[in-house]
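Enquirer: mmCIF, C-alpha atoms and all ligand atoms, saved as coords_8.cif, coming up:
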data_protein
loop_
_atom_site.group_PDB
_atom_site.id
_atom_site.type_symbol
_atom_site.label_atom_id
_atom_site.label_comp_id
_atom_site.auth_asym_id
_atom_site.auth_seq_id
_atom_site.Cartn_x
_atom_site.Cartn_y
_atom_site.Cartn_z
ATOM 1 C CA MET B 1 -45.613 26.190 44.241
ATOM 2 C CA ARG B 2 -46.885 23.046 42.521
ATOM 3 C CA PHE B 3 -47.652 25.099 39.371
ATOM 4 C CA ASP B 4 -44.225 26.732 39.526
ATOM 5 C CA TYR B 5 -42.679 23.275 39.531
ATOM 6 C CA ILE B 6 -44.808 22.124 36.587
ATOM 7 C CA ARG B 7 -44.056 25.298 34.626
ATOM 8 C CA SER B 8 -40.344 24.852 35.284
ATOM 9 C CA GLN B 9 -40.490 21.462 33.508
ATOM 10 C CA PHE B 10 -41.390 23.129 30.184
ATOM 11 C CA PRO B 11 -38.661 25.291 28.569
ATOM 12 C CA GLY B 12 -41.319 26.787 26.270
ATOM 13 C CA LEU B 13 -43.103 28.333 29.246
ATOM 14 C CA GLY B 14 -39.987 30.119 30.458
ATOM 15 C CA THR B 15 -40.414 33.154 28.205
ATOM 16 C CA ASP B 16 -42.688 36.184 28.376
ATOM 17 C CA TRP B 17 -44.718 34.803 25.478
ATOM 18 C CA VAL B 18 -47.937 32.865 26.047
ATOM 19 C CA LEU B 19 -47.896 30.033 23.498
ATOM 20 C CA LEU B 20 -51.510 29.112 22.775
ATOM 21 C CA ASP B 21 -50.987 26.630 19.934
ATOM 22 C CA ASN B 22 -51.899 23.679 22.138
ATOM 23 C CA ALA B 23 -54.419 22.322 19.615
ATOM 24 C CA GLY B 24 -51.518 21.957 17.179
ATOM 25 C CA GLY B 25 -48.978 20.476 19.566
ATOM 26 C CA SER B 26 -47.789 20.435 23.167
ATOM 27 C CA GLN B 27 -44.663 22.027 24.610
ATOM 28 C CA ILE B 28 -41.743 19.638 25.029
ATOM 29 C CA LEU B 29 -40.688 18.579 28.552
ATOM 30 C CA LYS B 30 -37.260 19.583 29.841
ATOM 31 C CA PRO B 31 -36.160 16.007 30.711
ATOM 32 C CA VAL B 32 -37.012 14.988 27.127
ATOM 33 C CA VAL B 33 -34.808 17.777 25.723
ATOM 34 C CA GLU B 34 -32.038 16.701 28.092
ATOM 35 C CA ARG B 35 -32.273 13.024 27.092
ATOM 36 C CA ILE B 36 -32.157 13.931 23.397
ATOM 37 C CA ASN B 37 -29.126 16.190 23.986
ATOM 38 C CA GLU B 38 -27.471 13.498 26.038
ATOM 39 C CA HIS B 39 -27.838 11.052 23.156
ATOM 40 C CA PHE B 40 -26.295 13.491 20.669
ATOM 41 C CA TYR B 41 -23.417 14.283 23.042
ATOM 42 C CA SER B 42 -22.504 10.710 23.963
ATOM 43 C CA SER B 43 -23.935 8.096 21.586
ATOM 44 C CA ASN B 44 -24.558 9.690 18.184
ATOM 45 C CA VAL B 45 -22.977 6.833 16.220
ATOM 46 C CA GLN B 46 -23.944 3.789 14.171
ATOM 47 C CA LEU B 47 -25.728 0.981 15.972
ATOM 48 C CA GLY B 48 -24.317 -2.527 15.996
ATOM 49 C CA GLY B 49 -20.647 -1.740 16.778
ATOM 50 C CA THR B 50 -18.658 -3.313 19.620
ATOM 51 C CA TYR B 51 -17.195 0.000 20.885
ATOM 52 C CA PRO B 52 -18.795 1.624 23.940
ATOM 53 C CA HIS B 53 -20.546 4.532 22.159
ATOM 54 C CA SER B 54 -22.276 2.204 19.747
ATOM 55 C CA MET B 55 -23.271 -0.211 22.501
ATOM 56 C CA LEU B 56 -24.729 2.701 24.479
ATOM 57 C CA ALA B 57 -26.597 3.924 21.371
ATOM 58 C CA GLU B 58 -28.044 0.473 20.847
ATOM 59 C CA GLU B 59 -29.051 0.175 24.504
ATOM 60 C CA ARG B 60 -30.863 3.536 24.281
ATOM 61 C CA HIS B 61 -32.457 2.663 20.970
ATOM 62 C CA GLU B 62 -33.780 -0.634 22.335
ATOM 63 C CA LYS B 63 -34.968 0.968 25.561
ATOM 64 C CA ALA B 64 -36.998 3.481 23.553
ATOM 65 C CA HIS B 65 -38.776 0.669 21.698
ATOM 66 C CA LEU B 66 -39.305 -1.273 24.949
ATOM 67 C CA ASP B 67 -40.705 1.751 26.805
ATOM 68 C CA LEU B 68 -43.081 2.520 23.943
ATOM 69 C CA MET B 69 -44.082 -1.139 23.779
ATOM 70 C CA ARG B 70 -45.062 -0.964 27.470
ATOM 71 C CA TRP B 71 -46.785 2.382 27.011
ATOM 72 C CA VAL B 72 -49.268 0.954 24.490
ATOM 73 C CA ASN B 73 -49.274 -2.592 25.956
ATOM 74 C CA ALA B 74 -47.798 -4.276 22.881
ATOM 75 C CA ASP B 75 -46.124 -7.698 23.011
ATOM 76 C CA ASP B 76 -42.777 -7.030 21.394
ATOM 77 C CA PRO B 77 -40.491 -4.032 20.697
ATOM 78 C CA SER B 78 -40.412 -5.016 17.017
ATOM 79 C CA GLU B 79 -44.077 -3.981 16.862
ATOM 80 C CA ILE B 80 -43.111 -0.329 17.481
ATOM 81 C CA ILE B 81 -42.146 1.589 14.337
ATOM 82 C CA LEU B 82 -40.763 5.110 14.693
ATOM 83 C CA GLY B 83 -41.163 7.816 12.071
ATOM 84 C CA SER B 84 -41.204 11.538 11.592
ATOM 85 C CA SER B 85 -44.995 12.007 11.806
ATOM 86 C CA THR B 86 -48.298 10.200 11.933
ATOM 87 C CA SER B 87 -49.029 11.308 8.368
ATOM 88 C CA LEU B 88 -45.799 9.779 7.109
ATOM 89 C CA LEU B 89 -46.236 6.530 9.073
ATOM 90 C CA VAL B 90 -49.742 6.003 7.669
ATOM 91 C CA ARG B 91 -48.322 6.738 4.217
ATOM 92 C CA THR B 92 -45.590 4.153 4.810
ATOM 93 C CA LEU B 93 -48.220 1.617 5.817
ATOM 94 C CA ALA B 94 -50.533 2.355 2.888
ATOM 95 C CA GLY B 95 -47.561 2.160 0.500
ATOM 96 C CA ASN B 96 -46.638 -1.255 1.857
ATOM 97 C CA PHE B 97 -50.163 -2.594 1.510
ATOM 98 C CA SER B 98 -50.463 -1.159 -2.005
ATOM 99 C CA ARG B 99 -47.725 -3.619 -2.999
ATOM 100 C CA ILE B 100 -49.690 -6.666 -1.855
ATOM 101 C CA TRP B 101 -53.361 -5.756 -2.290
ATOM 102 C CA LYS B 102 -55.102 -6.476 -5.591
ATOM 103 C CA PRO B 103 -57.306 -4.206 -7.743
ATOM 104 C CA GLY B 104 -60.865 -4.559 -6.471
ATOM 105 C CA ASP B 105 -59.784 -4.897 -2.828
ATOM 106 C CA GLU B 106 -61.540 -2.363 -0.650
ATOM 107 C CA ILE B 107 -60.713 0.095 2.113
ATOM 108 C CA ILE B 108 -63.014 2.203 4.252
ATOM 109 C CA VAL B 109 -62.158 5.703 5.455
ATOM 110 C CA THR B 110 -64.379 8.083 7.449
ATOM 111 C CA ASN B 111 -65.473 11.629 6.689
ATOM 112 C CA CYS B 112 -64.442 12.783 10.178
ATOM 113 C CA ASP B 113 -60.802 11.698 10.493
ATOM 114 C CA HIS B 114 -57.754 13.927 10.205
ATOM 115 C CA GLU B 115 -56.356 13.930 6.666
ATOM 116 C CA ALA B 116 -53.444 11.810 7.964
ATOM 117 C CA ASN B 117 -55.650 8.690 8.115
ATOM 118 C CA ILE B 118 -57.650 9.439 4.961
ATOM 119 C CA GLY B 119 -55.419 10.875 2.212
ATOM 120 C CA ALA B 120 -52.822 8.114 2.092
ATOM 121 C CA TRP B 121 -55.575 5.472 1.841
ATOM 122 C CA ARG B 122 -57.576 7.405 -0.747
ATOM 123 C CA GLU B 123 -54.528 7.590 -3.028
ATOM 124 C CA LEU B 124 -54.621 3.801 -3.369
ATOM 125 C CA ALA B 125 -57.623 4.293 -5.703
ATOM 126 C CA ASP B 126 -54.951 4.991 -8.359
ATOM 127 C CA ARG B 127 -53.931 1.337 -7.988
ATOM 128 C CA GLY B 128 -57.452 0.007 -8.415
ATOM 129 C CA ILE B 129 -58.305 -0.192 -4.705
ATOM 130 C CA VAL B 130 -61.956 0.673 -4.053
ATOM 131 C CA VAL B 131 -62.279 3.415 -1.430
ATOM 132 C CA LYS B 132 -65.547 3.707 0.523
ATOM 133 C CA GLU B 133 -66.551 6.431 2.944
ATOM 134 C CA TRP B 134 -68.062 5.776 6.371
ATOM 135 C CA LYS B 135 -70.017 8.956 7.176
ATOM 136 C CA ILE B 136 -70.919 10.225 10.621
ATOM 137 C CA ASN B 137 -74.533 10.723 11.545
ATOM 138 C CA PRO B 138 -74.930 14.505 11.051
ATOM 139 C CA GLU B 139 -77.470 14.682 13.892
ATOM 140 C CA THR B 140 -75.455 12.873 16.581
ATOM 141 C CA PHE B 141 -71.919 13.376 15.191
ATOM 142 C CA GLU B 142 -71.309 9.663 15.770
ATOM 143 C CA LEU B 143 -69.911 6.930 13.561
ATOM 144 C CA GLU B 144 -72.540 4.196 13.651
ATOM 145 C CA GLN B 145 -71.769 0.505 13.411
ATOM 146 C CA GLU B 146 -74.901 -0.125 11.322
ATOM 147 C CA GLU B 147 -73.390 2.129 8.642
ATOM 148 C CA LEU B 148 -70.078 0.312 8.796
ATOM 149 C CA LYS B 149 -71.849 -3.048 8.411
ATOM 150 C CA LYS B 150 -73.374 -1.817 5.126
ATOM 151 C CA LEU B 151 -69.916 -0.976 3.762
ATOM 152 C CA LEU B 152 -68.014 -4.121 4.811
ATOM 153 C CA THR B 153 -67.633 -6.920 2.244
ATOM 154 C CA ASN B 154 -65.351 -9.917 1.926
ATOM 155 C CA ARG B 155 -62.991 -7.684 -0.137
ATOM 156 C CA THR B 156 -62.563 -5.117 2.684
ATOM 157 C CA LYS B 157 -58.920 -5.042 3.708
ATOM 158 C CA MET B 158 -58.727 -2.041 6.018
ATOM 159 C CA VAL B 159 -61.012 0.220 8.036
ATOM 160 C CA ALA B 160 -59.252 3.492 8.961
ATOM 161 C CA PHE B 161 -60.795 5.572 11.747
ATOM 162 C CA THR B 162 -59.845 7.725 14.683
ATOM 163 C CA ALA B 163 -59.919 6.917 18.417
ATOM 164 C CA ALA B 164 -60.779 10.531 19.257
ATOM 165 C CA SER B 165 -61.768 13.223 16.801
ATOM 166 C CA ASN B 166 -59.514 16.301 16.746
ATOM 167 C CA VAL B 167 -62.440 18.292 15.342
ATOM 168 C CA LEU B 168 -65.530 16.989 17.143
ATOM 169 C CA GLY B 169 -63.916 15.695 20.325
ATOM 170 C CA MET B 170 -65.914 12.449 20.346
ATOM 171 C CA LEU B 171 -64.348 9.182 21.501
ATOM 172 C CA ASN B 172 -65.039 6.158 19.333
ATOM 173 C CA PRO B 173 -65.596 2.644 20.754
ATOM 174 C CA VAL B 174 -62.390 1.349 19.165
ATOM 175 C CA ALA B 175 -62.664 -2.248 20.432
ATOM 176 C CA GLU B 176 -66.222 -2.558 19.080
ATOM 177 C CA PHE B 177 -65.299 -1.097 15.701
ATOM 178 C CA ALA B 178 -62.272 -3.393 15.503
ATOM 179 C CA ALA B 179 -64.362 -6.478 16.378
ATOM 180 C CA LEU B 180 -66.861 -5.605 13.638
ATOM 181 C CA ALA B 181 -64.109 -5.044 11.047
ATOM 182 C CA HIS B 182 -62.402 -8.291 12.063
ATOM 183 C CA SER B 183 -65.692 -10.227 11.730
ATOM 184 C CA ALA B 184 -65.553 -9.308 8.018
ATOM 185 C CA GLY B 185 -61.863 -10.228 7.759
ATOM 186 C CA ALA B 186 -60.661 -6.596 7.634
ATOM 187 C CA MET B 187 -57.885 -4.893 9.629
ATOM 188 C CA VAL B 188 -58.132 -1.537 11.405
ATOM 189 C CA CYS B 189 -55.791 1.456 11.434
ATOM 190 C CA VAL B 190 -56.560 3.691 14.421
ATOM 191 C CA ASP B 191 -55.406 7.311 14.452
ATOM 192 C CA SER B 192 -54.763 7.984 18.155
ATOM 193 C CA VAL B 193 -53.118 11.403 17.861
ATOM 194 C CA ALA B 194 -55.949 13.249 19.629
ATOM 195 C CA TYR B 195 -56.464 10.346 22.059
ATOM 196 C CA ALA B 196 -52.913 9.774 23.326
ATOM 197 C CA PRO B 197 -52.580 13.090 25.241
ATOM 198 C CA HIS B 198 -55.694 12.282 27.284
ATOM 199 C CA ARG B 199 -56.025 8.499 27.703
ATOM 200 C CA LEU B 200 -53.773 5.456 27.947
ATOM 201 C CA ILE B 201 -53.682 3.324 24.823
ATOM 202 C CA ASP B 202 -54.062 -0.437 25.200
ATOM 203 C CA VAL B 203 -53.617 -2.084 21.819
ATOM 204 C CA LYS B 204 -54.613 -5.475 23.241
ATOM 205 C CA GLU B 205 -57.829 -4.210 24.786
ATOM 206 C CA TRP B 206 -58.660 -2.605 21.428
ATOM 207 C CA ASP B 207 -57.351 -5.602 19.458
ATOM 208 C CA ALA B 208 -56.161 -2.989 16.956
ATOM 209 C CA ASP B 209 -53.970 -4.011 14.034
ATOM 210 C CA PHE B 210 -52.339 -0.581 13.665
ATOM 211 C CA VAL B 211 -52.288 2.371 16.060
ATOM 212 C CA VAL B 212 -50.513 5.633 15.220
ATOM 213 C CA PHE B 213 -49.796 8.795 17.206
ATOM 214 C CA SER B 214 -47.351 11.700 17.405
ATOM 215 C CA PHE B 215 -45.088 12.541 20.351
ATOM 216 C CA TYR B 216 -45.330 16.294 19.816
ATOM 217 C CA LYS B 217 -48.875 16.014 21.181
ATOM 218 C CA THR B 218 -47.627 14.210 24.301
ATOM 219 C CA TYR B 219 -44.851 16.594 25.485
ATOM 220 C CA GLY B 220 -42.229 15.034 23.202
ATOM 221 C CA PRO B 221 -40.388 16.012 19.996
ATOM 222 C CA HIS B 222 -41.794 16.210 16.471
ATOM 223 C CA TYR B 223 -41.682 12.481 15.976
ATOM 224 C CA ALA B 224 -44.243 9.662 15.936
ATOM 225 C CA MET B 225 -44.826 5.941 16.418
ATOM 226 C CA MET B 226 -46.914 3.246 14.846
ATOM 227 C CA TYR B 227 -47.839 0.003 16.577
ATOM 228 C CA GLY B 228 -48.456 -2.921 14.215
ATOM 229 C CA LYS B 229 -49.347 -6.527 14.986
ATOM 230 C CA ARG B 230 -46.212 -8.552 14.460
ATOM 231 C CA GLU B 231 -47.837 -11.231 12.298
ATOM 232 C CA ILE B 232 -49.074 -8.554 9.861
ATOM 233 C CA LEU B 233 -45.794 -6.595 9.832
ATOM 234 C CA ASP B 234 -43.996 -9.833 8.937
ATOM 235 C CA GLN B 235 -46.048 -10.102 5.733
ATOM 236 C CA LEU B 236 -45.217 -6.555 4.539
ATOM 237 C CA PRO B 237 -42.256 -5.826 2.255
ATOM 238 C CA GLY B 238 -40.869 -2.764 4.106
ATOM 239 C CA ASN B 239 -39.214 0.408 2.793
ATOM 240 C CA ASN B 240 -35.601 0.023 3.773
ATOM 241 C CA HIS B 241 -32.654 -1.501 1.871
ATOM 242 C CA PHE B 242 -33.465 -4.900 0.383
ATOM 243 C CA PHE B 243 -31.282 -6.780 2.863
ATOM 244 C CA ILE B 244 -33.086 -5.355 5.907
ATOM 245 C CA GLU B 245 -35.904 -7.777 6.464
ATOM 246 C CA GLU B 246 -36.696 -7.465 10.169
ATOM 247 C CA SER B 247 -39.185 -5.242 11.900
ATOM 248 C CA PRO B 248 -39.030 -2.427 12.953
ATOM 249 C CA TYR B 249 -35.918 -1.680 10.861
ATOM 250 C CA LYS B 250 -37.471 -2.597 7.531
ATOM 251 C CA PHE B 251 -39.969 0.254 8.050
ATOM 252 C CA GLN B 252 -37.465 2.709 9.590
ATOM 253 C CA PRO B 253 -34.864 3.790 7.029
ATOM 254 C CA GLY B 254 -31.896 5.098 9.040
ATOM 255 C CA ASN B 255 -29.640 3.688 11.681
ATOM 256 C CA TYR B 256 -29.745 -0.125 11.773
ATOM 257 C CA LYS B 257 -27.973 -2.448 14.165
ATOM 258 C CA GLY B 258 -27.143 -4.956 11.451
ATOM 259 C CA TYR B 259 -25.165 -2.430 9.341
ATOM 260 C CA VAL B 260 -21.819 -3.252 10.874
ATOM 261 C CA GLN B 261 -22.261 -6.958 10.123
ATOM 262 C CA VAL B 262 -23.585 -6.181 6.633
ATOM 263 C CA ARG B 263 -20.552 -4.000 5.911
ATOM 264 C CA LEU B 264 -18.139 -6.632 7.146
ATOM 265 C CA PHE B 265 -19.943 -9.238 5.076
ATOM 266 C CA THR B 266 -19.874 -6.982 2.015
ATOM 267 C CA TYR B 267 -16.204 -6.006 2.276
ATOM 268 C CA CYS B 268 -14.694 -9.321 3.422
HETATM 269 C C1 LIG K 1 -56.196 13.501 14.952
HETATM 270 C C2 LIG K 1 -54.927 13.840 14.232
HETATM 271 N N1 LIG K 1 -54.364 12.899 13.445
HETATM 272 C C3 LIG K 1 -53.224 13.138 12.784
HETATM 273 C C4 LIG K 1 -52.575 14.350 12.870
HETATM 274 C C5 LIG K 1 -51.306 14.540 12.085
HETATM 275 O O1 LIG K 1 -50.187 14.252 12.838
HETATM 276 P P1 LIG K 1 -48.743 14.505 12.190
HETATM 277 O O2 LIG K 1 -48.554 15.992 12.160
HETATM 278 O O3 LIG K 1 -47.787 13.825 13.142
HETATM 279 O O4 LIG K 1 -48.738 13.920 10.851
HETATM 280 C C6 LIG K 1 -53.115 15.364 13.674
HETATM 281 C C7 LIG K 1 -52.448 16.665 13.775
HETATM 282 O O5 LIG K 1 -52.923 17.608 14.352
HETATM 283 C C8 LIG K 1 -54.323 15.106 14.365
HETATM 284 O O6 LIG K 1 -54.907 16.034 15.117
#
Show the structure stored in the file as structure tokens.
Expert:
Amino acid sequence: MRFDYIRSQFPGLGTDWVLLDNAGGSQILKPVVERINEHFYSSNVQLGGTYPHSMLAEERHEKAHLDLMRWVNADDPSEIILGSSTSLLVRTLAGNFSRIWKPGDEIIVTNCDHEANIGAWRELADRGIVVKEWKINPETFELEQEELKKLLTNRTKMVAFTAASNVLGMLNPVAEFAALAHSAGAMVCVDSVAYAPHRLIDVKEWDADFVVFSFYKTYGPHYAMMYGKREILDQLPGNNHFFIEESPYKFQPGNYKGYVQVRLFTYC
């Protein structure tokens, strides 16, 4: 009976097919589908208006950021940036940093992360950023802090690693890695895609600067979020229109609650 109830919560399980692609993504929950539909039926309008649909849209939009803020134990909804995938959010982040880092600055990637948290950083080599590789111990399949210490210098800006490996299954001691990176003045970007379906994320306990994961691994839609420390986000230029300067909107091209005011300002 209990299993019947659980199965009934997943539309994808209601067919005579057995969908075994769970390593790639989870099935979406029925209440999630219903909430998304509900939004498109009743509040699919611009944010920032004074008419009821727009106010409802804004309320829902803000609630989503607040709920996600609580989920990962962040301090402020502006620290939650939404995007279409983890790969694209990391790319957005790397692109932002590429505009403020200088040639000769360094980043460290691992040889055991998903491409999402490697490729976007590696491409910054084209801009003169030095990319170093933190290799796992091939005997233990662990990332060792002694190895990281050898790679860190006073030019290291970012250490990108995963909380849980999607290939090897190991969990990394994120808080310890972050403390070591911070002791050298570097930030950390933690891929939590394979971690989020199994463990609660606490960005404060980790003291992580950036944490990224995808909702399609946690019974949601093909969509993703990135947590970023507010004081760092404030220093980044953003990707949205030049007049959108506040987080999360400056990193989330799309609907923006200031548009109505901007339009009035522009046309008056
Ligand atoms: C550990 C890990 N990181 C990142 C990704 C990429 O996520 P997205 O498809 O949202 O870019 C995956 C996808 O399977 C993954 O397993």
Enquirer: Could you state the separation of CA of Pro31 in chain B and CA of Leu68 in chain B in Å, given to one decimal place?
Expert: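 Going from CA of Pro31 in chain B over to CA of Leu68 in chain B, I get 16.6 Å.
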Enquirer: 7 Å from ligand LIG 1 (chain K) is the threshold here; counting all atoms listed in the file, which polymer residues fall inside it? Answer as an MDAnalysis selection string.
Expert: chainID B and resid 24 85:88 113:117 162 164:166 191:194 213:214 223:224
Enquirer: Convert the output of the PyMOL selection byres (((chain B and resi 253) around 12) and not hetatm) on the shown file into explicit residues, formatted as a ChimeraX atom specification.
Expert: /B:81-84,89,92,238-252,254-257,259
Enquirer: Just the selected residues (C-alpha atoms), exported as a PDB file, in the frame of the given file, please.
Expert:
ATOM      1  CA  ILE B  81     -42.146   1.589  14.337  1.00  0.00           C
ATOM      2  CA  LEU B  82     -40.763   5.110  14.693  1.00  0.00           C
ATOM      3  CA  GLY B  83     -41.163   7.816  12.071  1.00  0.00           C
ATOM      4  CA  SER B  84     -41.204  11.538  11.592  1.00  0.00           C
ATOM      5  CA  LEU B  89     -46.236   6.530   9.073  1.00  0.00           C
ATOM      6  CA  THR B  92     -45.590   4.153   4.810  1.00  0.00           C
ATOM      7  CA  GLY B 238     -40.869  -2.764   4.106  1.00  0.00           C
ATOM      8  CA  ASN B 239     -39.214   0.408   2.793  1.00  0.00           C
ATOM      9  CA  ASN B 240     -35.601   0.023   3.773  1.00  0.00           C
ATOM     10  CA  HIS B 241     -32.654  -1.501   1.871  1.00  0.00           C
ATOM     11  CA  PHE B 242     -33.465  -4.900   0.383  1.00  0.00           C
ATOM     12  CA  PHE B 243     -31.282  -6.780   2.863  1.00  0.00           C
ATOM     13  CA  ILE B 244     -33.086  -5.355   5.907  1.00  0.00           C
ATOM     14  CA  GLU B 245     -35.904  -7.777   6.464  1.00  0.00           C
ATOM     15  CA  GLU B 246     -36.696  -7.465  10.169  1.00  0.00           C
ATOM     16  CA  SER B 247     -39.185  -5.242  11.900  1.00  0.00           C
ATOM     17  CA  PRO B 248     -39.030  -2.427  12.953  1.00  0.00           C
ATOM     18  CA  TYR B 249     -35.918  -1.680  10.861  1.00  0.00           C
ATOM     19  CA  LYS B 250     -37.471  -2.597   7.531  1.00  0.00           C
ATOM     20  CA  PHE B 251     -39.969   0.254   8.050  1.00  0.00           C
ATOM     21  CA  GLN B 252     -37.465   2.709   9.590  1.00  0.00           C
ATOM     22  CA  GLY B 254     -31.896   5.098   9.040  1.00  0.00           C
ATOM     23  CA  ASN B 255     -29.640   3.688  11.681  1.00  0.00           C
ATOM     24  CA  TYR B 256     -29.745  -0.125  11.773  1.00  0.00           C
ATOM     25  CA  LYS B 257     -27.973  -2.448  14.165  1.00  0.00           C
ATOM     26  CA  TYR B 259     -25.165  -2.430   9.341  1.00  0.00           C
TER      27      TYR B 259
END
Enquirer: Quick one: everything within 10 Å of His182 in chain B, counting all atoms listed in the file, minus sequence neighbours fewer than 6 positions away in the same chain. Send it as an MDAnalysis selection string.
Expert: chainID B and resid 156:159 176 188 207:209
Enquirer: Would you pick out the contacts of His65 in chain B at 10 Å or less, using all atoms listed in the file, so that residues sharing its chain but fewer than 3 positions from it are not included, and give the list as JSON, numbers by chain?
Expert: {"B": [60, 61, 62, 68, 69, 70, 71, 76, 77, 78, 79, 80, 81, 82, 225, 248]}
Enquirer: Skipping near chain neighbours, those fewer than 2 positions away, what residues fall within 10 Å of Ala125 in chain B using only C-alpha atoms, listed as a ChimeraX atom specification?
Expert: /B:98,103-107,120-123,127-131
Enquirer: List, as number ranges by chain, every residue that the PyMOL selection byres (((chain B and resi 151) around 10) and not hetatm) selects in the file provided.
Expert: B: 106-108, 132-134, 145-150, 152-153, 156, 159
Enquirer: Quick one, how far is CA of Glu59 in chain B from CA of Arg91 in chain B?
Expert: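 Going from CA of Glu59 in chain B over to CA of Arg91 in chain B covers 28.7 Å.
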Enquirer: Can you find the residues with an atom no farther than 12 Å from (-63.4, 8.3, 20.2), counting all atoms listed in the file, and report them as a ChimeraX atom specification?
Expert: /B:112-113,141-144,161-177,190-196,198-199,201,206
Enquirer: Using the chain letters and residue numbers of this document, give as an MDAnalysis selection string the residues selected by the PyMOL selection byres (((chain B and resi 221) around 10) and not hetatm).
Expert: chainID B and resid 25:29 32:33 36 84 214:220 222:224
Enquirer: Add whatever atoms are absent from range 166-180 of chain B to reach N, CA, C and O atoms, and provide the output as a PDB file, keeping the file's coordinate frame.
Expert:
ATOM      1  N   ASN B 166     -60.164  15.019  16.430  1.00  0.00           N
ATOM      2  CA  ASN B 166     -59.514  16.301  16.746  1.00  0.00           C
ATOM      3  C   ASN B 166     -60.432  17.472  16.435  1.00  0.00           C
ATOM      4  O   ASN B 166     -60.182  18.592  16.859  1.00  0.00           O
ATOM      5  N   VAL B 167     -61.526  17.212  15.708  1.00  0.00           N
ATOM      6  CA  VAL B 167     -62.440  18.292  15.342  1.00  0.00           C
ATOM      7  C   VAL B 167     -63.677  18.281  16.240  1.00  0.00           C
ATOM      8  O   VAL B 167     -64.067  19.307  16.786  1.00  0.00           O
ATOM      9  N   LEU B 168     -64.258  17.075  16.418  1.00  0.00           N
ATOM     10  CA  LEU B 168     -65.530  16.989  17.143  1.00  0.00           C
ATOM     11  C   LEU B 168     -65.347  16.591  18.607  1.00  0.00           C
ATOM     12  O   LEU B 168     -66.263  16.724  19.413  1.00  0.00           O
ATOM     13  N   GLY B 169     -64.200  16.048  18.936  1.00  0.00           N
ATOM     14  CA  GLY B 169     -63.916  15.695  20.325  1.00  0.00           C
ATOM     15  C   GLY B 169     -64.505  14.368  20.766  1.00  0.00           C
ATOM     16  O   GLY B 169     -64.263  13.921  21.874  1.00  0.00           O
ATOM     17  N   MET B 170     -65.290  13.694  19.877  1.00  0.00           N
ATOM     18  CA  MET B 170     -65.914  12.449  20.346  1.00  0.00           C
ATOM     19  C   MET B 170     -64.898  11.303  20.420  1.00  0.00           C
ATOM     20  O   MET B 170     -63.929  11.261  19.676  1.00  0.00           O
ATOM     21  N   LEU B 171     -65.160  10.395  21.380  1.00  0.00           N
ATOM     22  CA  LEU B 171     -64.348   9.182  21.501  1.00  0.00           C
ATOM     23  C   LEU B 171     -65.098   8.062  20.793  1.00  0.00           C
ATOM     24  O   LEU B 171     -66.309   7.931  20.976  1.00  0.00           O
ATOM     25  N   ASN B 172     -64.390   7.278  19.995  1.00  0.00           N
ATOM     26  CA  ASN B 172     -65.039   6.158  19.333  1.00  0.00           C
ATOM     27  C   ASN B 172     -64.812   4.867  20.122  1.00  0.00           C
ATOM     28  O   ASN B 172     -63.757   4.707  20.739  1.00  0.00           O
ATOM     29  N   PRO B 173     -65.778   3.943  20.088  1.00  0.00           N
ATOM     30  CA  PRO B 173     -65.596   2.644  20.754  1.00  0.00           C
ATOM     31  C   PRO B 173     -64.674   1.763  19.913  1.00  0.00           C
ATOM     32  O   PRO B 173     -65.132   0.940  19.118  1.00  0.00           O
ATOM     33  N   VAL B 174     -63.368   1.956  20.082  1.00  0.00           N
ATOM     34  CA  VAL B 174     -62.390   1.349  19.165  1.00  0.00           C
ATOM     35  C   VAL B 174     -62.499  -0.178  19.167  1.00  0.00           C
ATOM     36  O   VAL B 174     -62.506  -0.818  18.108  1.00  0.00           O
ATOM     37  N   ALA B 175     -62.627  -0.777  20.363  1.00  0.00           N
ATOM     38  CA  ALA B 175     -62.664  -2.248  20.432  1.00  0.00           C
ATOM     39  C   ALA B 175     -63.880  -2.785  19.667  1.00  0.00           C
ATOM     40  O   ALA B 175     -63.780  -3.805  18.966  1.00  0.00           O
ATOM     41  N   GLU B 176     -65.007  -2.090  19.782  1.00  0.00           N
ATOM     42  CA  GLU B 176     -66.222  -2.558  19.080  1.00  0.00           C
ATOM     43  C   GLU B 176     -66.069  -2.416  17.571  1.00  0.00           C
ATOM     44  O   GLU B 176     -66.425  -3.316  16.807  1.00  0.00           O
ATOM     45  N   PHE B 177     -65.512  -1.285  17.142  1.00  0.00           N
ATOM     46  CA  PHE B 177     -65.299  -1.097  15.701  1.00  0.00           C
ATOM     47  C   PHE B 177     -64.319  -2.157  15.169  1.00  0.00           C
ATOM     48  O   PHE B 177     -64.513  -2.704  14.091  1.00  0.00           O
ATOM     49  N   ALA B 178     -63.277  -2.420  15.955  1.00  0.00           N
ATOM     50  CA  ALA B 178     -62.272  -3.393  15.503  1.00  0.00           C
ATOM     51  C   ALA B 178     -62.906  -4.782  15.403  1.00  0.00           C
ATOM     52  O   ALA B 178     -62.674  -5.511  14.428  1.00  0.00           O
ATOM     53  N   ALA B 179     -63.732  -5.143  16.395  1.00  0.00           N
ATOM     54  CA  ALA B 179     -64.362  -6.478  16.378  1.00  0.00           C
ATOM     55  C   ALA B 179     -65.251  -6.612  15.142  1.00  0.00           C
ATOM     56  O   ALA B 179     -65.252  -7.663  14.475  1.00  0.00           O
ATOM     57  N   LEU B 180     -65.974  -5.548  14.809  1.00  0.00           N
ATOM     58  CA  LEU B 180     -66.861  -5.605  13.638  1.00  0.00           C
ATOM     59  C   LEU B 180     -66.031  -5.745  12.354  1.00  0.00           C
ATOM     60  O   LEU B 180     -66.338  -6.573  11.488  1.00  0.00           O
TER      61      LEU B 180
END
